[in-house]
file start.cif (mmCIF, N, CA and C atoms)
data_coords
#
loop_
_atom_site.label_atom_id
_atom_site.label_comp_id
_atom_site.auth_asym_id
_atom_site.auth_seq_id
_atom_site.Cartn_x
_atom_site.Cartn_y
_atom_site.Cartn_z
N MET T 297 106.24 123.87 124.63
CA MET T 297 104.97 123.17 124.64
C MET T 297 104.27 123.46 125.97
N GLU T 298 103.00 123.75 125.89
CA GLU T 298 102.21 124.06 127.09
C GLU T 298 101.96 122.79 127.91
N ARG T 299 101.80 122.98 129.21
CA ARG T 299 101.53 121.86 130.11
C ARG T 299 100.28 121.09 129.67
N SER T 300 99.25 121.81 129.26
CA SER T 300 98.01 121.15 128.84
C SER T 300 98.23 120.26 127.62
N GLU T 301 99.10 120.68 126.71
CA GLU T 301 99.41 119.87 125.53
C GLU T 301 100.16 118.60 125.93
N ILE T 302 101.08 118.76 126.88
CA ILE T 302 101.84 117.61 127.37
C ILE T 302 100.91 116.62 128.06
N THR T 303 100.03 117.11 128.94
CA THR T 303 99.13 116.20 129.65
C THR T 303 98.18 115.50 128.68
N GLU T 304 97.74 116.20 127.66
CA GLU T 304 96.86 115.59 126.66
C GLU T 304 97.58 114.47 125.93
N GLN T 305 98.80 114.73 125.49
CA GLN T 305 99.57 113.71 124.77
C GLN T 305 99.93 112.54 125.69
N LEU T 306 100.29 112.85 126.93
CA LEU T 306 100.62 111.80 127.90
C LEU T 306 99.40 110.92 128.19
N THR T 307 98.24 111.53 128.29
CA THR T 307 97.01 110.78 128.51
C THR T 307 96.75 109.82 127.36
N GLU T 308 96.93 110.29 126.14
CA GLU T 308 96.75 109.43 124.96
C GLU T 308 97.73 108.26 124.98
N ILE T 309 98.98 108.54 125.35
CA ILE T 309 100.00 107.48 125.43
C ILE T 309 99.59 106.45 126.48
N MET T 310 99.15 106.92 127.64
CA MET T 310 98.78 106.02 128.73
C MET T 310 97.58 105.15 128.34
N ILE T 311 96.59 105.73 127.69
CA ILE T 311 95.42 104.97 127.24
C ILE T 311 95.86 103.87 126.28
N ASP T 312 96.79 104.19 125.38
CA ASP T 312 97.28 103.21 124.42
C ASP T 312 98.13 102.13 125.09
N VAL T 313 99.13 102.54 125.85
CA VAL T 313 100.08 101.58 126.45
C VAL T 313 99.39 100.66 127.46
N PHE T 314 98.51 101.23 128.29
CA PHE T 314 97.87 100.44 129.34
C PHE T 314 96.54 99.84 128.88
N ASP T 315 96.21 100.03 127.59
CA ASP T 315 95.00 99.46 126.99
C ASP T 315 93.74 99.82 127.79
N LEU T 316 93.58 101.12 128.03
CA LEU T 316 92.44 101.64 128.79
C LEU T 316 91.38 102.19 127.84
N ASP T 317 90.13 102.16 128.26
CA ASP T 317 89.07 102.77 127.47
C ASP T 317 89.11 104.29 127.61
N GLU T 318 89.41 104.75 128.82
CA GLU T 318 89.53 106.18 129.09
C GLU T 318 90.40 106.36 130.32
N LEU T 319 90.80 107.59 130.56
CA LEU T 319 91.64 107.90 131.71
C LEU T 319 91.32 109.30 132.18
N ASP T 320 91.01 109.42 133.46
CA ASP T 320 90.81 110.73 134.07
C ASP T 320 92.16 111.18 134.61
N TYR T 321 92.82 112.07 133.86
CA TYR T 321 94.17 112.51 134.23
C TYR T 321 94.15 113.29 135.53
N ARG T 322 95.13 112.98 136.39
CA ARG T 322 95.41 113.76 137.60
C ARG T 322 96.93 113.81 137.74
N ASP T 323 97.45 114.91 138.24
CA ASP T 323 98.90 115.02 138.43
C ASP T 323 99.43 113.97 139.40
N ASP T 324 98.61 113.55 140.38
CA ASP T 324 99.09 112.59 141.37
C ASP T 324 98.88 111.12 140.95
N LEU T 325 98.46 110.91 139.72
CA LEU T 325 98.26 109.56 139.19
C LEU T 325 99.59 108.81 139.17
N SER T 326 99.56 107.55 139.62
CA SER T 326 100.79 106.74 139.63
C SER T 326 100.46 105.30 139.26
N ALA T 327 101.48 104.47 139.22
CA ALA T 327 101.30 103.06 138.87
C ALA T 327 100.34 102.36 139.82
N ALA T 328 100.29 102.80 141.05
CA ALA T 328 99.38 102.19 142.03
C ALA T 328 97.91 102.40 141.67
N ASP T 329 97.63 103.41 140.85
CA ASP T 329 96.25 103.74 140.48
C ASP T 329 95.75 103.01 139.23
N ILE T 330 96.66 102.41 138.48
CA ILE T 330 96.28 101.77 137.21
C ILE T 330 96.69 100.30 137.28
N GLU T 331 95.70 99.43 137.34
CA GLU T 331 95.95 98.00 137.50
C GLU T 331 96.86 97.44 136.41
N GLU T 332 96.71 97.94 135.19
CA GLU T 332 97.48 97.44 134.06
C GLU T 332 98.93 97.93 134.03
N TRP T 333 99.32 98.82 134.94
CA TRP T 333 100.65 99.42 134.96
C TRP T 333 101.60 98.52 135.74
N ASP T 334 102.24 97.61 135.04
CA ASP T 334 103.22 96.72 135.66
C ASP T 334 104.61 97.06 135.12
N SER T 335 105.60 96.27 135.48
CA SER T 335 106.98 96.60 135.10
C SER T 335 107.18 96.57 133.59
N LEU T 336 106.56 95.64 132.90
CA LEU T 336 106.70 95.57 131.44
C LEU T 336 106.01 96.75 130.77
N SER T 337 104.80 97.05 131.19
CA SER T 337 104.09 98.19 130.58
C SER T 337 104.77 99.51 130.94
N ASN T 338 105.47 99.55 132.08
CA ASN T 338 106.21 100.76 132.44
C ASN T 338 107.32 101.02 131.42
N ILE T 339 108.00 99.97 130.99
CA ILE T 339 109.05 100.11 129.98
C ILE T 339 108.43 100.62 128.67
N ARG T 340 107.32 100.02 128.28
CA ARG T 340 106.63 100.46 127.06
C ARG T 340 106.19 101.92 127.18
N PHE T 341 105.72 102.31 128.35
CA PHE T 341 105.29 103.69 128.59
C PHE T 341 106.46 104.65 128.43
N MET T 342 107.59 104.35 129.06
CA MET T 342 108.75 105.24 128.99
C MET T 342 109.28 105.35 127.55
N VAL T 343 109.33 104.24 126.83
CA VAL T 343 109.78 104.26 125.44
C VAL T 343 108.81 105.09 124.59
N SER T 344 107.53 104.95 124.83
CA SER T 344 106.53 105.73 124.09
C SER T 344 106.66 107.21 124.37
N VAL T 345 106.94 107.56 125.62
CA VAL T 345 107.14 108.97 125.99
C VAL T 345 108.38 109.51 125.27
N GLU T 346 109.46 108.75 125.29
CA GLU T 346 110.69 109.18 124.61
C GLU T 346 110.44 109.41 123.12
N LYS T 347 109.74 108.50 122.48
CA LYS T 347 109.45 108.64 121.05
C LYS T 347 108.55 109.84 120.77
N ALA T 348 107.52 110.00 121.58
CA ALA T 348 106.54 111.07 121.35
C ALA T 348 107.14 112.46 121.52
N PHE T 349 108.05 112.60 122.49
CA PHE T 349 108.58 113.92 122.80
C PHE T 349 110.00 114.14 122.26
N GLY T 350 110.62 113.08 121.73
CA GLY T 350 111.89 113.23 121.04
C GLY T 350 113.12 113.40 121.90
N PHE T 351 113.15 112.73 123.04
CA PHE T 351 114.35 112.76 123.89
C PHE T 351 114.46 111.45 124.65
N ARG T 352 115.63 111.23 125.26
CA ARG T 352 115.88 110.03 126.06
C ARG T 352 115.75 110.37 127.54
N LEU T 353 115.28 109.42 128.31
CA LEU T 353 115.21 109.55 129.76
C LEU T 353 116.28 108.65 130.37
N SER T 354 117.02 109.19 131.32
CA SER T 354 118.02 108.37 132.00
C SER T 354 117.32 107.51 133.06
N ASN T 355 117.99 106.45 133.47
CA ASN T 355 117.44 105.60 134.53
C ASN T 355 117.18 106.39 135.80
N SER T 356 118.09 107.29 136.15
CA SER T 356 117.92 108.07 137.37
C SER T 356 116.72 109.01 137.26
N GLU T 357 116.47 109.55 136.07
CA GLU T 357 115.29 110.41 135.88
C GLU T 357 114.01 109.59 136.05
N ILE T 358 113.99 108.42 135.46
CA ILE T 358 112.81 107.55 135.55
C ILE T 358 112.57 107.14 137.00
N GLU T 359 113.62 106.74 137.69
CA GLU T 359 113.50 106.29 139.07
C GLU T 359 113.07 107.40 140.02
N SER T 360 113.33 108.66 139.65
CA SER T 360 112.98 109.78 140.53
C SER T 360 111.51 110.17 140.44
N LEU T 361 110.80 109.65 139.46
CA LEU T 361 109.40 110.04 139.24
C LEU T 361 108.46 109.28 140.18
N ASP T 362 107.64 110.04 140.91
CA ASP T 362 106.66 109.43 141.81
C ASP T 362 105.25 109.41 141.23
N ASN T 363 104.99 110.28 140.26
CA ASN T 363 103.64 110.35 139.69
C ASN T 363 103.71 111.00 138.30
N VAL T 364 102.58 111.04 137.64
CA VAL T 364 102.52 111.55 136.28
C VAL T 364 102.78 113.06 136.24
N GLY T 365 102.38 113.78 137.27
CA GLY T 365 102.64 115.22 137.33
C GLY T 365 104.13 115.52 137.29
N GLU T 366 104.92 114.70 137.98
CA GLU T 366 106.38 114.87 137.95
C GLU T 366 106.92 114.55 136.56
N MET T 367 106.29 113.60 135.86
CA MET T 367 106.68 113.29 134.49
C MET T 367 106.43 114.51 133.59
N VAL T 368 105.29 115.16 133.77
CA VAL T 368 104.97 116.36 132.98
C VAL T 368 106.01 117.45 133.25
N ASP T 369 106.37 117.65 134.52
CA ASP T 369 107.40 118.64 134.87
C ASP T 369 108.72 118.32 134.18
N LEU T 370 109.11 117.05 134.20
CA LEU T 370 110.36 116.63 133.57
C LEU T 370 110.32 116.85 132.06
N ILE T 371 109.20 116.53 131.43
CA ILE T 371 109.06 116.75 129.99
C ILE T 371 109.18 118.23 129.67
N GLN T 372 108.54 119.07 130.48
CA GLN T 372 108.64 120.52 130.26
C GLN T 372 110.09 120.98 130.35
N GLN T 373 110.83 120.48 131.34
CA GLN T 373 112.24 120.85 131.50
C GLN T 373 113.05 120.41 130.29
N LYS T 374 112.81 119.19 129.83
CA LYS T 374 113.57 118.66 128.70
C LYS T 374 113.28 119.40 127.40
N LEU T 375 112.05 119.89 127.25
CA LEU T 375 111.67 120.58 126.03
C LEU T 375 112.00 122.07 126.05
N ALA T 376 112.38 122.58 127.21
CA ALA T 376 112.67 124.02 127.34
C ALA T 376 113.95 124.40 126.64
#

call {"tool": "encode", "arguments": {"input": "start.cif", "output": "structure tokens"}}
result
Amino acid sequence: MERSEITEQLTEIMIDVFDLDELDYRDDLSAADIEEWDSLSNIRFMVSVEKAFGFRLSNSEIESLDNVGEMVDLIQQKLA
């Protein structure tokens, strides 16, 4: 799957999970940038990512992520 396809799907997931009208995707986007991104919505986000891309994320993988760009990199690795 191409990076652009992953970012597009991830953007759709984030708009849905965080109940946003729109989202200007950036690789450096993080929880600090989205007011609605709290601990509960983070769990919903990770579960939605797992369902959408068809794999499980370990706690250590989740904890290692600093921004959405790193999430895209991890998804690419998992799908390779």

call {"tool": "resolve_selection", "arguments": {"input": "start.cif", "expression": "the PyMOL selection byres ((chain T and resi 309-315) around 7)", "output": "NGL selection string"}}
result
:T and (304-308 or 316-319 or 332-333 or 337 or 340-341 or 344-345)

call {"tool": "atom_distance", "arguments": {"input": "start.cif", "atom1": "atom N of T:Glu298", "atom2": "atom C of T:Ile330"}}
result
26.8 Å

call {"tool": "resolve_selection", "arguments": {"input": "start.cif", "expression": "the PyMOL selection byres (((chain T and resi 302 and name CA) around 12) and name CA)", "output": "ChimeraX atom specification"}}
result
/T:297-301,303-309,321,323,345,348-349,364-375

call {"tool": "atom_distance", "arguments": {"input": "start.cif", "atom1": "atom CA of T:Ser360", "atom2": "atom CA of T:Ile339"}}
result
14.8 Å

call {"tool": "atom_distance", "arguments": {"input": "start.cif", "atom1": "atom CA of T:Asn363", "atom2": "atom N of T:Val343"}}
result
15.3 Å

call {"tool": "select_by_dssp", "arguments": {"input": "start.cif", "residues": "stretch 299-375 of chain T", "states": "alpha helix (DSSP H)", "output": "MDAnalysis selection string"}}
result
chainID T and resid 299:313 335:349 355:360 364:375

call {"tool": "axis_aligned_box", "arguments": {"input": "start.cif", "around": "stretch 301-309 of chain T", "padding_each_side": "4 Å", "output": "AutoDock Vina command-line options"}}
result
--center_x 99.3 --center_y 113.6 --center_z 127.2 --size_x 13.1 --size_y 22.2 --size_z 12.9

call {"tool": "decode", "arguments": {"input": "start.cif", "residues": "stretch 314-330 of chain T", "atoms": "N, CA and C atoms", "output": "PDB file, in the first residue's frame"}}
result
ATOM      1  N   PHE T 314     -12.162  11.302  16.152  1.00  0.00           N
ATOM      2  CA  PHE T 314     -12.069  12.543  16.920  1.00  0.00           C
ATOM      3  C   PHE T 314     -13.219  13.504  16.622  1.00  0.00           C
ATOM      4  N   ASP T 315     -14.182  13.045  15.803  1.00  0.00           N
ATOM      5  CA  ASP T 315     -15.384  13.816  15.476  1.00  0.00           C
ATOM      6  C   ASP T 315     -15.036  15.212  14.954  1.00  0.00           C
ATOM      7  N   LEU T 316     -14.171  15.238  13.943  1.00  0.00           N
ATOM      8  CA  LEU T 316     -13.722  16.489  13.332  1.00  0.00           C
ATOM      9  C   LEU T 316     -14.487  16.744  12.036  1.00  0.00           C
ATOM     10  N   ASP T 317     -14.643  18.002  11.677  1.00  0.00           N
ATOM     11  CA  ASP T 317     -15.256  18.342  10.392  1.00  0.00           C
ATOM     12  C   ASP T 317     -14.270  18.105   9.256  1.00  0.00           C
ATOM     13  N   GLU T 318     -13.008  18.419   9.511  1.00  0.00           N
ATOM     14  CA  GLU T 318     -11.940  18.205   8.530  1.00  0.00           C
ATOM     15  C   GLU T 318     -10.617  18.123   9.268  1.00  0.00           C
ATOM     16  N   LEU T 319      -9.602  17.699   8.555  1.00  0.00           N
ATOM     17  CA  LEU T 319      -8.276  17.567   9.152  1.00  0.00           C
ATOM     18  C   LEU T 319      -7.236  17.831   8.080  1.00  0.00           C
ATOM     19  N   ASP T 320      -6.340  18.757   8.359  1.00  0.00           N
ATOM     20  CA  ASP T 320      -5.205  19.003   7.471  1.00  0.00           C
ATOM     21  C   ASP T 320      -4.069  18.104   7.935  1.00  0.00           C
ATOM     22  N   TYR T 321      -3.873  16.997   7.213  1.00  0.00           N
ATOM     23  CA  TYR T 321      -2.874  16.008   7.602  1.00  0.00           C
ATOM     24  C   TYR T 321      -1.471  16.585   7.504  1.00  0.00           C
ATOM     25  N   ARG T 322      -0.664  16.302   8.528  1.00  0.00           N
ATOM     26  CA  ARG T 322       0.779  16.577   8.528  1.00  0.00           C
ATOM     27  C   ARG T 322       1.446  15.398   9.214  1.00  0.00           C
ATOM     28  N   ASP T 323       2.638  15.034   8.769  1.00  0.00           N
ATOM     29  CA  ASP T 323       3.352  13.929   9.404  1.00  0.00           C
ATOM     30  C   ASP T 323       3.658  14.210  10.873  1.00  0.00           C
ATOM     31  N   ASP T 324       3.848  15.484  11.238  1.00  0.00           N
ATOM     32  CA  ASP T 324       4.201  15.808  12.621  1.00  0.00           C
ATOM     33  C   ASP T 324       2.981  16.024  13.525  1.00  0.00           C
ATOM     34  N   LEU T 325       1.799  15.736  13.016  1.00  0.00           N
ATOM     35  CA  LEU T 325       0.565  15.866  13.784  1.00  0.00           C
ATOM     36  C   LEU T 325       0.591  14.901  14.970  1.00  0.00           C
ATOM     37  N   SER T 326       0.194  15.393  16.148  1.00  0.00           N
ATOM     38  CA  SER T 326       0.180  14.541  17.345  1.00  0.00           C
ATOM     39  C   SER T 326      -1.034  14.879  18.203  1.00  0.00           C
ATOM     40  N   ALA T 327      -1.173  14.168  19.302  1.00  0.00           N
ATOM     41  CA  ALA T 327      -2.306  14.381  20.203  1.00  0.00           C
ATOM     42  C   ALA T 327      -2.348  15.819  20.718  1.00  0.00           C
ATOM     43  N   ALA T 328      -1.207  16.446  20.847  1.00  0.00           N
ATOM     44  CA  ALA T 328      -1.157  17.827  21.329  1.00  0.00           C
ATOM     45  C   ALA T 328      -1.825  18.801  20.361  1.00  0.00           C
ATOM     46  N   ASP T 329      -1.959  18.409  19.099  1.00  0.00           N
ATOM     47  CA  ASP T 329      -2.532  19.285  18.074  1.00  0.00           C
ATOM     48  C   ASP T 329      -4.046  19.155  17.923  1.00  0.00           C
ATOM     49  N   ILE T 330      -4.622  18.111  18.503  1.00  0.00           N
ATOM     50  CA  ILE T 330      -6.056  17.853  18.338  1.00  0.00           C
ATOM     51  C   ILE T 330      -6.706  17.819  19.722  1.00  0.00           C
TER      52      ILE T 330
END
